[in-house]
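J.: The structure's right below; bear with me while I get my questions together.
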Amino acid sequence: MATASNDFETMPVIRDLKDFDRHSGSALERLVFNHRAFLVISCIVITVLLALQATKLVVNAGYEKMLPQGHPYIQNYFDNQRELRGLGNSVRVVVESVNGDLFAPEYLEVLKQINDDIFLTPGVDRAWMKSLWTASVRWTEVSEEGFTGGPVMPDTYNGSPQSVDVLKHNIARSGIVGQLVSNDYKSSMIFVPLLDKNPQTGEKLDYTTLSKALEDIRAKYQHAETGDGQAGANNAAAVKIHIIGFAKLVGDLIDGLVKVMSFFWWLR
């Protein structure tokens, strides 16, 4: 330590920059100190370019980006994606009856309205959407004359006890209990497959907009019949709506991230 101190004390003091030997020091030192102006300008230019690129960043996530692209199952899925529509990115909306079961005409009417609103939501692959109110959900059985079948929701449904009985019978023979209908018959599910791109604009699916649209539907029907958000004791149309799925999760994460960024922006 004493030797190093003595070396510093004996080093010459250069009072004029013209007297400094620009060829002294290592190659890195000469590169940095002999070209200071160039390095400062380069740092400013790089900072400006990165700042401009940062303004183009969009908080978004793709369903396919989360899949293991190198897995043979996933590669096979991509090769046959056109024939496997409805099996990729999707959201599941469960409508639970607070009072009674799903066979109450009031519940079925609310379910129909929710189904129609989701059907018209941008980004939904409508052809593969499934619920009690979609014609794609069917029952089949083998009879003496061969295979017979039809939609689970009867075409003649009008809310009468007779049409509800037909619906019960169709659900029992369709095999959707435990899938679209809960085992206790208190809730049913709306399966909502999603499109990766908007067929009209060609833009990628906006998870933030989709999540907000689903939340608007939840707020519209979950509290519409109760006023203060509490289910009435005699209100058969009171429902709870549960939404799960990759798109909804990403939408919630983006919404939370925006709120956190806004909070720190407000604190600065």
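Residues in the structure tokens are named by chain (A, B, ... in the order shown) and by number from 1 within that chain; ligands are numbered from 1 in the order shown.
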Select from segment 82-227 of chain A everything DSSP, run on the backbone, classes as strand (DSSP E or B), then give the selection as a PyMOL selection string.
T.: chain A and resi 90-97+124+130+138-143+146-151+177+181+187-194+197+204
J.: Show which residues sit within 8 Å of Pro151 of chain A, as a PyMOL selection string. Count only C-alpha atoms, and ignore same-chain residues fewer than 2 positions away.
T.: chain A and resi 134-139+149+153-155
J.: With only C-alpha atoms as the counted atoms, please give the residues lying no more than 10 Å from segment 19-23 of chain A, apart from itself and same-chain residues fewer than 6 positions off, as a list in words.
T.: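 Near neighbours after the sequence-gap exclusion: Val13, Glu29, Arg30, Phe33 and Asn34 of chain A.
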J.: Run DSSP on the backbone and grab whatever in segment 102-173 of chain A lands in helix (DSSP H, G or I); send it over as a PyMOL selection string.
T.: chain A and resi 105-119+126-128+161-173
J.: What's the 8 Å shell around Ile241 of chain A, counting only C-alpha atoms, without same-chain residues fewer than 2 positions away, as number ranges by chain?
T.: A: 93-96, 218, 222, 239, 243
J.: Print the selection's residues with N, CA and C atoms to a file, as a tab-separated table (two decimals), in the first residue's frame.
T.:
```
chain	number	residue	atom	x	y	z
A	93	VAL	N	-66.86	-18.69	-19.95
A	93	VAL	CA	-67.70	-17.83	-19.13
A	93	VAL	C	-68.75	-18.72	-18.45
A	94	VAL	N	-68.70	-18.79	-17.15
A	94	VAL	CA	-69.65	-19.62	-16.39
A	94	VAL	C	-70.69	-18.69	-15.76
A	95	VAL	N	-71.95	-18.98	-16.04
A	95	VAL	CA	-73.07	-18.21	-15.50
A	95	VAL	C	-73.73	-19.06	-14.42
A	96	GLU	N	-73.62	-18.62	-13.18
A	96	GLU	CA	-74.13	-19.37	-12.04
A	96	GLU	C	-75.45	-18.78	-11.54
A	218	ARG	N	-70.16	-8.62	-17.62
A	218	ARG	CA	-70.31	-9.07	-16.24
A	218	ARG	C	-71.04	-8.02	-15.40
A	222	GLN	N	-74.57	-9.23	-13.94
A	222	GLN	CA	-74.39	-9.75	-12.59
A	222	GLN	C	-75.08	-8.88	-11.56
A	239	VAL	N	-77.65	-13.77	-11.06
A	239	VAL	CA	-76.58	-14.66	-11.49
A	239	VAL	C	-75.23	-14.12	-11.05
A	243	ILE	N	-65.26	-15.77	-15.21
A	243	ILE	CA	-64.58	-15.76	-16.50
A	243	ILE	C	-63.14	-16.24	-16.31
```
J.: Smallest atom-to-atom distance to Gly202 of chain A: which of A:Leu180, A:Ile254, A:Gly123, A:Tyr185, using only C-alpha atoms?
T.: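 Closest to Gly202 of chain A, using only C-alpha atoms: A:Gly123.
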J.: With only C-alpha atoms as the counted atoms, please give the residues lying no more than 12 Å from Leu120 of chain A, apart from itself and same-chain residues fewer than 5 positions off, as an NGL selection string.
T.: :A and (113-115 or 125-127 or 129 or 192 or 210 or 213-214 or 217)
J.: Given the choices A:Glu144, A:Asp16, A:Glu109, A:Asp117, which gets closest to Asp216 of chain A if the distance is worked out from only C-alpha atoms?
T.: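 Closest residue, counting only C-alpha atoms: A:Asp117.
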J.: Let me make sure I understand: among A:Ala238, A:Val124, A:Asp101, A:His169, which one has the smallest atom-to-atom distance to Ser188 of chain A if we use only C-alpha atoms?
T.: A:Asp101
J.: Between atom CA of Phe191 of chain A and atom CA of Val91 of chain A, what is the distance, to one decimal in Å?
T.: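 Those two atoms sit 6.4 Å apart.
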J.: Restricting the calculation to only C-alpha atoms: of A:Val181, A:Pro122, A:Ala27, A:Val250, which residue gets closest to Thr201 of chain A?
T.: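 Among A:Val181, A:Pro122, A:Ala27, A:Val250, it is A:Pro122 that comes nearest to Thr201 of chain A.
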J.: Env of Asp196 of chain A: 8 Å cut, atoms = only C-alpha atoms, seq-sep filter 5 positions within chain, self excluded. Answer as a tab-separated table (two decimals) with N, CA and C atoms, in the first residue's frame.
T.:
```tsv
chain	number	residue	atom	x	y	z
A	89	ASN	N	-56.83	-20.75	-28.55
A	89	ASN	CA	-57.07	-19.69	-27.57
A	89	ASN	C	-58.57	-19.53	-27.33
A	123	GLY	N	-63.62	-10.28	-32.00
A	123	GLY	CA	-62.56	-11.22	-31.65
A	123	GLY	C	-63.05	-12.61	-31.34
A	204	LYS	N	-54.13	-7.83	-34.85
A	204	LYS	CA	-54.09	-8.89	-33.86
A	204	LYS	C	-55.12	-8.64	-32.77
A	205	LEU	N	-55.51	-9.73	-32.11
A	205	LEU	CA	-56.51	-9.63	-31.05
A	205	LEU	C	-56.01	-8.71	-29.93
```
